[in-house]
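Structure file upload_35.csv; described as CSV, C-alpha atoms.
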chain,number,residue,atom,x,y,z
A,151,MET,CA,0.0,0.0,0.0
A,152,ASN,CA,1.4,3.4,-1.0
A,153,GLN,CA,2.0,6.0,1.7
A,154,PHE,CA,2.3,9.8,1.6
A,155,TYR,CA,4.9,11.9,3.4
A,156,THR,CA,5.1,15.7,3.7
A,157,ALA,CA,7.8,18.1,4.6
A,158,GLU,CA,7.8,21.9,4.9
A,159,SER,CA,10.3,24.7,4.8
A,160,VAL,CA,10.3,28.5,5.3
A,161,THR,CA,12.3,31.4,3.8
A,162,GLU,CA,14.8,33.5,5.8
A,163,GLY,CA,12.1,36.2,5.8
A,164,HIS,CA,9.6,34.1,7.7
A,165,PRO,CA,9.3,35.6,11.2
A,166,ASP,CA,10.4,32.5,13.1
A,167,LYS,CA,13.4,32.0,10.7
A,168,LEU,CA,14.3,35.7,10.9
A,169,CYS,CA,14.6,35.2,14.7
A,170,ASP,CA,16.9,32.2,14.1
A,171,VAL,CA,19.1,34.2,11.8
A,172,ILE,CA,19.4,37.1,14.3
A,173,ALA,CA,20.2,34.8,17.1
A,174,ASP,CA,22.9,33.0,15.2
A,175,SER,CA,24.3,36.3,13.9
A,176,VAL,CA,24.8,37.4,17.6
A,177,LEU,CA,26.6,34.0,18.2
A,178,ASP,CA,28.8,34.4,15.1
A,179,ASP,CA,29.8,37.9,16.2
A,180,CYS,CA,30.8,36.7,19.7
A,181,LEU,CA,32.7,33.7,18.4
A,182,SER,CA,34.6,35.6,15.8
A,183,HIS,CA,36.1,37.9,18.5
A,184,ASP,CA,36.3,35.4,21.3
A,185,PRO,CA,36.0,31.7,20.3
A,186,PHE,CA,35.4,30.7,23.9
A,187,SER,CA,32.3,32.8,24.2
A,188,ARG,CA,29.3,31.2,25.9
A,189,VAL,CA,26.1,32.3,24.2
A,190,ALA,CA,22.4,31.5,24.5
A,191,CYS,CA,20.5,34.1,22.5
A,192,GLU,CA,16.7,34.1,22.1
A,193,VAL,CA,14.8,36.5,19.8
A,194,MET,CA,11.2,37.5,19.4
A,195,ALA,CA,9.9,39.6,16.5
A,196,THR,CA,6.5,41.2,16.1
A,197,ARG,CA,5.1,44.3,14.5
A,198,GLY,CA,7.5,47.1,15.1
A,199,GLN,CA,9.4,45.3,17.8
A,200,ILE,CA,12.5,43.0,18.0
A,201,ILE,CA,13.4,41.7,21.4
A,202,ALA,CA,16.7,39.8,22.0
A,203,ALA,CA,17.4,38.2,25.4
A,204,GLY,CA,19.6,35.6,27.0
A,205,GLU,CA,23.0,34.9,28.4
A,206,ILE,CA,26.4,36.0,27.0
A,207,THR,CA,29.7,35.5,28.7
A,208,SER,CA,32.4,36.8,26.3
A,209,ARG,CA,35.5,39.0,26.2
A,210,HIS,CA,33.6,40.7,23.3
A,211,LYS,CA,30.6,42.9,23.8
A,212,PRO,CA,28.4,42.6,20.7
A,213,ASP,CA,26.5,45.6,19.4
A,214,ILE,CA,23.3,43.6,19.2
A,215,PRO,CA,21.0,46.5,17.9
A,216,LYS,CA,23.5,46.9,15.0
A,217,LEU,CA,23.5,43.2,14.3
A,218,VAL,CA,19.7,43.1,14.3
A,219,ARG,CA,19.5,46.0,11.9
A,220,ARG,CA,22.1,44.4,9.6
A,221,VAL,CA,20.1,41.1,9.4
A,222,LEU,CA,16.8,43.0,8.8
A,223,THR,CA,18.5,44.8,5.9
A,224,GLU,CA,20.0,41.6,4.4
A,225,VAL,CA,16.8,39.7,4.6
A,226,GLY,CA,14.8,42.6,3.0
A,227,TYR,CA,13.0,44.4,5.9
A,228,ASP,CA,13.3,48.1,6.8
A,229,PRO,CA,15.3,48.2,10.1
A,230,GLY,CA,13.8,51.7,10.7
A,231,SER,CA,10.4,50.1,11.2
A,232,TYR,CA,11.5,48.3,14.4
A,233,GLU,CA,12.3,49.2,17.9
A,234,ILE,CA,15.0,46.9,19.2
A,235,GLN,CA,15.2,45.9,22.9
A,236,CYS,CA,18.0,43.8,24.4
A,237,PHE,CA,18.0,41.9,27.8
A,238,PHE,CA,21.2,40.0,28.4
A,239,HIS,CA,23.2,38.8,31.4
A,240,GLY,CA,26.2,36.4,31.9
A,241,GLN,CA,26.0,32.6,31.9
A,242,SER,CA,25.1,31.1,35.3
A,243,PRO,CA,28.3,30.4,37.2
A,244,ASP,CA,26.8,27.0,38.2
A,245,ILE,CA,26.3,26.0,34.6
A,246,ALA,CA,29.8,27.4,33.6
A,247,ASP,CA,31.4,25.4,36.4
A,248,GLY,CA,29.7,22.2,35.2
A,249,VAL,CA,30.8,22.8,31.6
A,250,ASN,CA,34.4,23.7,32.6
A,251,HIS,CA,34.7,20.9,35.2
A,252,PRO,CA,32.7,17.9,33.9
A,253,LEU,CA,31.3,15.2,36.2
A,254,GLU,CA,33.9,12.6,35.1
A,255,GLU,CA,36.8,14.8,36.3
A,256,ARG,CA,35.0,15.6,39.6
A,257,GLN,CA,34.5,11.9,40.3
A,258,ASP,CA,37.9,10.8,39.1
A,259,HIS,CA,40.8,13.2,38.9
A,260,THR,CA,42.8,10.9,36.7
A,261,VAL,CA,40.1,11.3,34.0
A,262,SER,CA,40.6,14.2,31.6
A,263,HIS,CA,37.7,15.8,29.8
A,264,SER,CA,37.9,19.5,29.0
A,265,LEU,CA,34.2,20.2,28.7
A,266,GLY,CA,30.9,18.9,30.1
A,267,ALA,CA,27.7,19.3,28.2
A,268,GLY,CA,26.1,22.7,28.6
A,269,ASP,CA,22.6,21.3,29.1
A,270,GLN,CA,20.8,18.0,29.2
A,271,GLY,CA,18.8,16.9,26.1
A,272,VAL,CA,18.1,14.4,23.4
A,273,MET,CA,19.4,14.8,19.9
A,274,VAL,CA,18.4,12.8,16.8
A,275,GLY,CA,20.2,12.4,13.6
A,276,TYR,CA,18.8,10.8,10.5
A,277,ALA,CA,19.9,9.8,7.0
A,278,CYS,CA,18.6,7.7,4.1
A,279,ASN,CA,19.7,6.9,0.6
A,280,GLU,CA,16.8,8.7,-1.3
A,281,THR,CA,18.9,11.7,-2.4
A,282,ARG,CA,22.6,12.6,-2.8
A,283,GLN,CA,22.3,14.6,0.4
A,284,LEU,CA,21.2,11.4,2.1
A,285,LEU,CA,18.0,13.2,3.2
A,286,PRO,CA,14.4,12.3,2.5
A,287,LEU,CA,13.2,13.6,-0.8
A,288,PRO,CA,10.3,15.8,0.5
A,289,VAL,CA,12.7,17.5,2.8
A,290,VAL,CA,15.1,18.3,0.0
A,291,LEU,CA,12.4,19.5,-2.4
A,292,ALA,CA,10.7,21.8,0.3
A,293,ARG,CA,14.1,23.4,1.0
A,294,ARG,CA,14.9,23.8,-2.7
A,295,LEU,CA,11.6,25.7,-3.1
A,296,THR,CA,12.2,28.2,-0.3
A,297,ASN,CA,15.9,28.6,-1.2
A,298,CYS,CA,14.9,29.3,-4.8
A,299,LEU,CA,12.2,31.7,-3.7
A,300,THR,CA,14.8,33.7,-1.8
A,301,ALA,CA,17.3,33.5,-4.6
A,302,VAL,CA,14.9,34.8,-7.3
A,303,ARG,CA,13.8,37.6,-5.0
A,304,LYS,CA,17.3,38.8,-4.1
A,305,SER,CA,18.6,38.5,-7.6
A,306,GLY,CA,15.8,40.7,-8.9
A,307,LEU,CA,14.5,37.9,-11.2
A,308,LEU,CA,11.1,38.2,-9.5
A,309,PRO,CA,11.1,41.8,-8.1
A,310,ALA,CA,7.5,41.6,-6.9
A,311,LEU,CA,8.4,39.1,-4.2
A,312,GLN,CA,8.8,40.1,-0.6
A,313,PRO,CA,10.9,38.2,2.1
A,314,ASP,CA,8.3,36.0,3.7
A,315,GLY,CA,7.5,32.6,2.2
A,316,LYS,CA,6.7,28.9,2.9
A,317,ALA,CA,6.7,25.7,1.0
A,318,GLN,CA,5.2,22.2,1.7
A,319,VAL,CA,5.8,19.1,-0.4
A,320,THR,CA,3.9,15.8,-0.3
A,321,VAL,CA,5.5,12.8,-2.0
A,322,GLU,CA,3.8,9.4,-2.7
A,323,TYR,CA,5.9,6.4,-1.8
A,324,ASP,CA,5.4,3.0,-3.4
A,325,GLU,CA,4.9,-0.2,-1.5
A,326,ASN,CA,8.7,-0.7,-1.3
A,327,GLY,CA,9.1,2.6,0.5
A,328,ASN,CA,10.6,4.4,-2.5
A,329,PRO,CA,9.5,7.9,-3.7
A,330,ALA,CA,7.1,7.3,-6.6
A,331,ARG,CA,5.5,10.6,-7.6
A,332,LEU,CA,5.0,14.2,-6.6
A,333,ASP,CA,1.5,14.5,-5.1
A,334,THR,CA,1.0,18.0,-3.7
A,335,VAL,CA,3.0,21.2,-3.6
A,336,VAL,CA,2.0,24.2,-1.5
A,337,LEU,CA,3.9,27.5,-2.0
A,338,SER,CA,3.0,30.7,-0.3
A,339,ALA,CA,5.0,33.8,-1.3
A,340,GLN,CA,4.7,37.3,0.0
A,341,HIS,CA,4.3,39.8,-2.8
A,342,ASP,CA,3.8,43.4,-3.8
A,343,PRO,CA,0.2,44.5,-3.7
A,344,ASP,CA,0.0,45.6,-7.4
A,345,ILE,CA,1.0,42.4,-9.2
A,346,PRO,CA,-1.9,40.5,-10.7
A,347,GLN,CA,-2.4,37.1,-9.3
A,348,ASP,CA,-2.2,35.3,-12.6
A,349,GLU,CA,1.1,37.0,-13.4
A,350,LEU,CA,2.5,36.1,-10.0
A,351,PHE,CA,1.5,32.5,-10.4
A,352,TRP,CA,3.0,32.2,-13.8
A,353,GLN,CA,6.3,33.7,-12.6
A,354,LEU,CA,6.4,31.4,-9.6
A,355,THR,CA,5.7,28.4,-11.8
A,356,ASP,CA,8.3,29.3,-14.3
A,357,LYS,CA,11.1,30.6,-12.0
A,358,VAL,CA,10.6,28.7,-8.8
A,359,LEU,CA,8.5,25.5,-9.1
A,360,PHE,CA,9.9,23.9,-12.2
A,361,PRO,CA,13.6,24.6,-11.4
A,362,ALA,CA,13.3,23.4,-7.8
A,363,LEU,CA,11.3,20.3,-8.5
A,364,LYS,CA,13.6,18.7,-11.2
A,365,LEU,CA,14.5,15.9,-8.8
A,366,LEU,CA,10.9,14.6,-9.0
A,367,PRO,CA,9.0,16.4,-11.9
A,368,PRO,CA,5.2,16.7,-11.5
A,369,ASP,CA,2.8,14.6,-13.4
A,370,GLU,CA,-0.7,15.4,-14.6
A,371,ASP,CA,-2.2,14.5,-11.2
A,372,THR,CA,0.2,16.6,-9.1
A,373,LYS,CA,-1.7,19.3,-7.2
A,374,PHE,CA,-0.3,22.8,-6.9
A,375,LEU,CA,-1.6,25.3,-4.3
A,376,LEU,CA,-0.1,28.7,-4.9
A,377,ASN,CA,-0.9,31.3,-2.2
A,378,PRO,CA,-4.0,29.2,-1.2
A,379,ALA,CA,-5.1,31.9,1.3
A,380,GLY,CA,-5.3,34.4,-1.5
A,381,ARG,CA,-3.4,37.7,-1.3
A,382,PHE,CA,-0.2,37.5,0.7
A,383,VAL,CA,0.9,41.2,0.9
A,384,LEU,CA,1.2,41.6,4.7
A,385,GLY,CA,4.0,39.3,5.9
A,386,GLY,CA,6.9,38.9,8.2
A,387,PRO,CA,6.7,40.2,11.8
A,388,ASP,CA,4.0,42.6,10.7
A,389,ALA,CA,1.6,39.7,10.2
A,390,ASP,CA,2.9,37.0,12.6
A,391,THR,CA,5.0,36.9,15.7
A,392,GLY,CA,8.3,35.1,15.3
A,393,LEU,CA,10.3,33.2,17.9
A,394,THR,CA,13.7,31.5,17.9
A,395,GLY,CA,13.5,27.7,17.6
A,396,ARG,CA,10.0,27.4,16.4
A,397,LYS,CA,10.9,25.7,13.1
A,398,LEU,CA,12.6,22.7,14.6
A,399,ALA,CA,10.9,20.1,12.3
A,400,ALA,CA,11.5,22.2,9.2
A,401,ASP,CA,15.1,22.5,10.1
A,402,SER,CA,15.7,18.8,10.7
A,403,TYR,CA,13.9,15.8,9.2
A,404,GLY,CA,10.2,16.7,9.3
A,405,VAL,CA,8.0,13.6,9.9
A,406,PHE,CA,10.8,11.2,9.1
A,407,ALA,CA,12.4,11.2,12.5
A,408,PRO,CA,11.5,12.3,16.0
A,409,HIS,CA,12.9,15.5,17.4
A,410,GLY,CA,14.5,15.8,20.8
A,411,GLY,CA,13.0,19.2,21.4
A,412,GLY,CA,16.1,21.4,21.6
A,413,ALA,CA,16.6,24.3,19.3
A,414,LEU,CA,19.9,24.9,17.6
A,415,SER,CA,20.0,28.6,16.8
A,416,GLY,CA,21.6,31.1,19.2
A,417,LYS,CA,23.6,28.5,21.1
A,418,ASP,CA,27.3,28.1,21.3
A,419,PRO,CA,28.6,24.5,20.6
A,420,THR,CA,29.1,23.6,24.3
A,421,LYS,CA,25.3,23.2,24.2
A,422,ALA,CA,24.8,19.7,23.2
A,423,ASP,CA,21.4,20.7,21.6
A,424,ARG,CA,23.5,22.0,18.8
A,425,SER,CA,26.7,20.0,18.7
A,426,GLY,CA,25.0,16.7,19.5
A,427,ALA,CA,22.5,17.2,16.7
A,428,TYR,CA,25.4,17.7,14.3
A,429,LEU,CA,27.2,14.6,15.5
A,430,ALA,CA,24.0,12.5,15.4
A,431,ARG,CA,23.5,13.5,11.8
A,432,TYR,CA,27.1,12.8,11.0
A,433,LEU,CA,27.1,9.3,12.4
A,434,ALA,CA,23.8,8.4,10.7
A,435,LYS,CA,25.0,9.7,7.4
A,436,ASN,CA,28.3,7.8,7.5
A,437,LEU,CA,26.5,4.6,8.4
A,438,VAL,CA,24.3,5.0,5.3
A,439,ALA,CA,27.2,6.1,3.1
A,440,ALA,CA,29.1,3.0,4.3
A,441,GLY,CA,26.4,0.8,2.8
A,442,LEU,CA,25.7,-0.7,6.3
A,443,CYS,CA,22.0,0.4,6.0
A,444,THR,CA,19.7,2.4,3.7
A,445,ARG,CA,18.0,4.3,6.5
A,446,CYS,CA,19.4,5.2,9.9
A,447,GLN,CA,18.5,7.1,13.0
A,448,VAL,CA,21.1,7.9,15.7
A,449,THR,CA,19.9,9.2,19.0
A,450,LEU,CA,22.1,10.7,21.7
A,451,ALA,CA,21.3,12.0,25.2
A,452,TYR,CA,23.5,14.1,27.4
A,453,ALA,CA,23.3,15.3,31.0
A,454,ILE,CA,24.3,18.8,32.0
A,455,GLY,CA,27.9,18.9,33.3
A,456,LYS,CA,28.8,15.4,32.0
A,457,ALA,CA,31.1,14.9,29.1
A,458,GLU,CA,30.1,11.4,27.8
A,459,PRO,CA,26.6,10.9,26.5
A,460,VAL,CA,24.3,9.0,28.8
A,461,MET,CA,22.7,7.2,25.8
A,462,LEU,CA,23.5,6.3,22.2
A,463,SER,CA,21.2,4.2,20.1
A,464,VAL,CA,21.1,3.2,16.4
A,465,ASP,CA,17.9,2.2,14.5
A,466,THR,CA,18.3,1.1,11.0
A,467,PHE,CA,14.6,0.3,10.6
A,468,GLY,CA,15.4,-3.3,9.5
A,469,THR,CA,17.6,-2.1,6.7
A,470,GLY,CA,21.0,-3.1,8.3
A,471,THR,CA,23.1,-5.2,6.0
A,472,ALA,CA,25.9,-6.4,8.3
A,473,CYS,CA,25.0,-6.7,12.0
A,474,ALA,CA,22.4,-5.8,14.6
A,475,ASP,CA,21.7,-2.2,15.6
A,476,ASP,CA,23.1,-2.6,19.1
A,477,ALA,CA,26.4,-3.7,17.5
A,478,LEU,CA,26.5,-0.6,15.4
A,479,SER,CA,26.0,1.5,18.6
A,480,ASP,CA,29.0,-0.2,20.2
A,481,VAL,CA,31.1,0.5,17.2
A,482,LEU,CA,30.2,4.2,17.2
A,483,ARG,CA,31.1,4.4,20.9
A,484,HIS,CA,34.4,2.7,20.2
A,485,LEU,CA,35.4,4.7,17.2
A,486,PHE,CA,34.2,8.3,17.9
A,487,ASP,CA,34.8,10.9,20.6
A,488,LEU,CA,31.3,11.7,21.6
A,489,THR,CA,32.1,14.4,24.2
A,490,PRO,CA,31.4,18.1,23.6
A,491,SER,CA,35.1,18.7,23.3
A,492,GLY,CA,35.5,15.9,20.7
A,493,ILE,CA,32.6,17.2,18.6
A,494,ILE,CA,33.8,20.8,18.7
A,495,SER,CA,37.3,19.7,17.7
A,496,ARG,CA,36.2,17.3,14.9
A,497,PHE,CA,33.9,19.9,13.2
A,498,ARG,CA,36.0,23.0,14.3
A,499,LEU,CA,32.8,24.5,15.7
A,500,LEU,CA,34.5,27.4,17.4
A,501,GLN,CA,35.5,28.7,14.0
A,502,PHE,CA,32.2,28.1,12.2
A,503,GLN,CA,29.7,30.8,11.1
A,504,TYR,CA,26.3,29.6,12.0
A,505,ALA,CA,23.9,32.2,10.6
A,506,LYS,CA,24.0,30.5,7.2
A,507,THR,CA,22.7,27.3,8.7
A,508,ALA,CA,19.7,29.3,10.1
A,509,ARG,CA,19.0,30.7,6.6
A,510,GLN,CA,19.3,27.5,4.6
A,511,GLY,CA,18.9,24.7,7.1
A,512,PRO,CA,21.6,22.9,9.1
A,513,PHE,CA,21.6,19.6,7.1
A,514,GLY,CA,22.3,18.8,3.5
A,515,ASN,CA,24.9,21.4,2.6
A,516,PRO,CA,28.1,19.5,1.6
A,517,SER,CA,30.3,22.3,2.8
A,518,TYR,CA,29.3,21.8,6.4
A,519,PRO,CA,31.8,19.6,8.3
A,520,TRP,CA,29.1,17.3,9.8
A,521,GLU,CA,27.8,16.6,6.3
A,522,ARG,CA,31.0,14.8,5.3
A,523,THR,CA,31.0,11.1,4.7
A,524,ASP,CA,34.7,10.7,5.5
A,525,GLN,CA,34.2,7.9,8.0
A,526,ALA,CA,32.3,5.6,5.8
A,527,SER,CA,35.3,3.4,4.9
A,528,ARG,CA,36.4,3.3,8.5
A,529,LEU,CA,33.0,2.1,9.6
A,530,ARG,CA,32.9,-0.5,6.9
A,531,ASP,CA,36.3,-1.8,7.9
A,532,ALA,CA,35.3,-1.9,11.6
A,533,ILE,CA,32.1,-3.9,10.8
A,534,LEU,CA,33.1,-6.1,8.0

Taking this structure as input, can you express it in the form of structure tokens?
Amino acid sequence: MNQFYTAESVTEGHPDKLCDVIADSVLDDCLSHDPFSRVACEVMATRGQIIAAGEITSRHKPDIPKLVRRVLTEVGYDPGSYEIQCFFHGQSPDIADGVNHPLEERQDHTVSHSLGAGDQGVMVGYACNETRQLLPLPVVLARRLTNCLTAVRKSGLLPALQPDGKAQVTVEYDENGNPARLDTVVLSAQHDPDIPQDELFWQLTDKVLFPALKLLPPDEDTKFLLNPAGRFVLGGPDADTGLTGRKLAADSYGVFAPHGGGALSGKDPTKADRSGAYLARYLAKNLVAAGLCTRCQVTLAYAIGKAEPVMLSVDTFGTGTACADDALSDVLRHLFDLTPSGIISRFRLLQFQYAKTARQGPFGNPSYPWERTDQASRLRDAIL
């Protein structure tokens, strides 16, 4: 029996995503001046107001209003239309002590771990062999649509577009679990008030839909819903309040994998919400790339102030080709440094710029270090 799976994505001008970009821009500014900054930045955006708050401990004092105005300008909003309020204090000394002196060192002084996890939490990584990105096809298509929507707006190819936008893609899978056809595409694009709807729809079809959907072209039964609410002139924070971390499913794997609940944006990499999510994706992707399974979910759990994860599990959904899932978990524990220090070192996370992951999504870009498949042969050799 065929099944249907749906994924969504939003543009950088969506109010929630705008908040993610601002939060990560604050983080980037701190890390670029002091790589040992501890940052937890949350942002809310609503009509005429941007509120940034959180904890920052850094040798650098970021000019947050200036950063907010820069992001608003880059995304396409008028920074003069917003009052910017900032509420920040330093990281809790109790949390800082737990990060700097992890539980393992406090219990056994002969053990050396330079960092404990900055918070407890569950992180899930997922990979499958449906696309070259090793992501589910609906996820890739939805992100291609929103990235294309932003690209044609910023390039001037579709000058009537405004920054806010959303996409949703439903794919029909055959009885073997493979993508079979494109069922439904929803695209909502903010636009100038004076462009006729039929002209807008033609431009979106020609410049966005067809180029972005080449991986699975539509058939005669594919349904397209363009701006199904009608006019979409009022958008962004003027139409809807935005919050950091409210697009977690769109940023990860949609309905294809559970989500641990922790947001990524605005957090320095000592927070396992961020670094653990990158590692879980990396491990799952390398297991698939190694040919040890066709689908894989890696789940990690950390305790605040403890370096080693309290849980690591692998689920190949019955697609494993060489051994049981618990054996794969044991191999991962043996081969990889799973501590925050190890993750930060492996991916050079103190030198990374994070705002681009908020704009385009944290998974699927081959230039990101956690998207490499450089451990596939090592895993194959260890198992086989």

Practice item. Find the spatial neighbours of Val160 of chain A, counting all atoms listed in the file, within a cut-off of 12 Å - ignore same-chain residues fewer than 5 positions away - and output them as a ChimeraX atom specification. Key: /A:165-168,170,289,292-300,313-319,336-340,386,396-401,508-511

Review point. Looking at A:Pro419, A:Pro490, A:Pro368, A:Gly163, which one is nearest to Pro185 of chain A, with distances taken over all atoms listed in the file?
Key: A:Pro419

Check your understanding: Leaving out segment 428-432 of chain A and any residue of its chain fewer than 6 positions from it, which residues lie within 9 Å of it when counting all atoms listed in the file, given as number ranges by chain?
Key -> A: 273-277, 447-450, 488, 493, 497, 512-513, 519-523

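Within 9 Å of Leu384 of chain A, once all atoms listed in the file are used and residues closer than 2 positions along the same chain are dropped, the contacting residues are Gln340, His341, Pro343, Arg381, Phe382, Gly386, Asp388 and Ala389 of chain A.
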
**Study point:** Exercise: residues within 8 Å of coordinate (18.7, 36.4, 24.0), counting all atoms listed in the file, as a PyMOL selection string
**Key:** chain A and resi 173+190-193+201-205+236-238+416

Exercise for review: Figure out the distance between atom CA of Lys435 of chain A and atom CA of Gly470 of chain A, please, to one decimal in Å.
Suggested key: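 Value for the atom CA of Gly470 of chain A-atom CA of Lys435 of chain A distance: 13.4 Å.
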
Review point. How many Å separate atom CA of Leu222 of chain A from atom CA of Ser159 of chain A?
Key: 19.8 Å
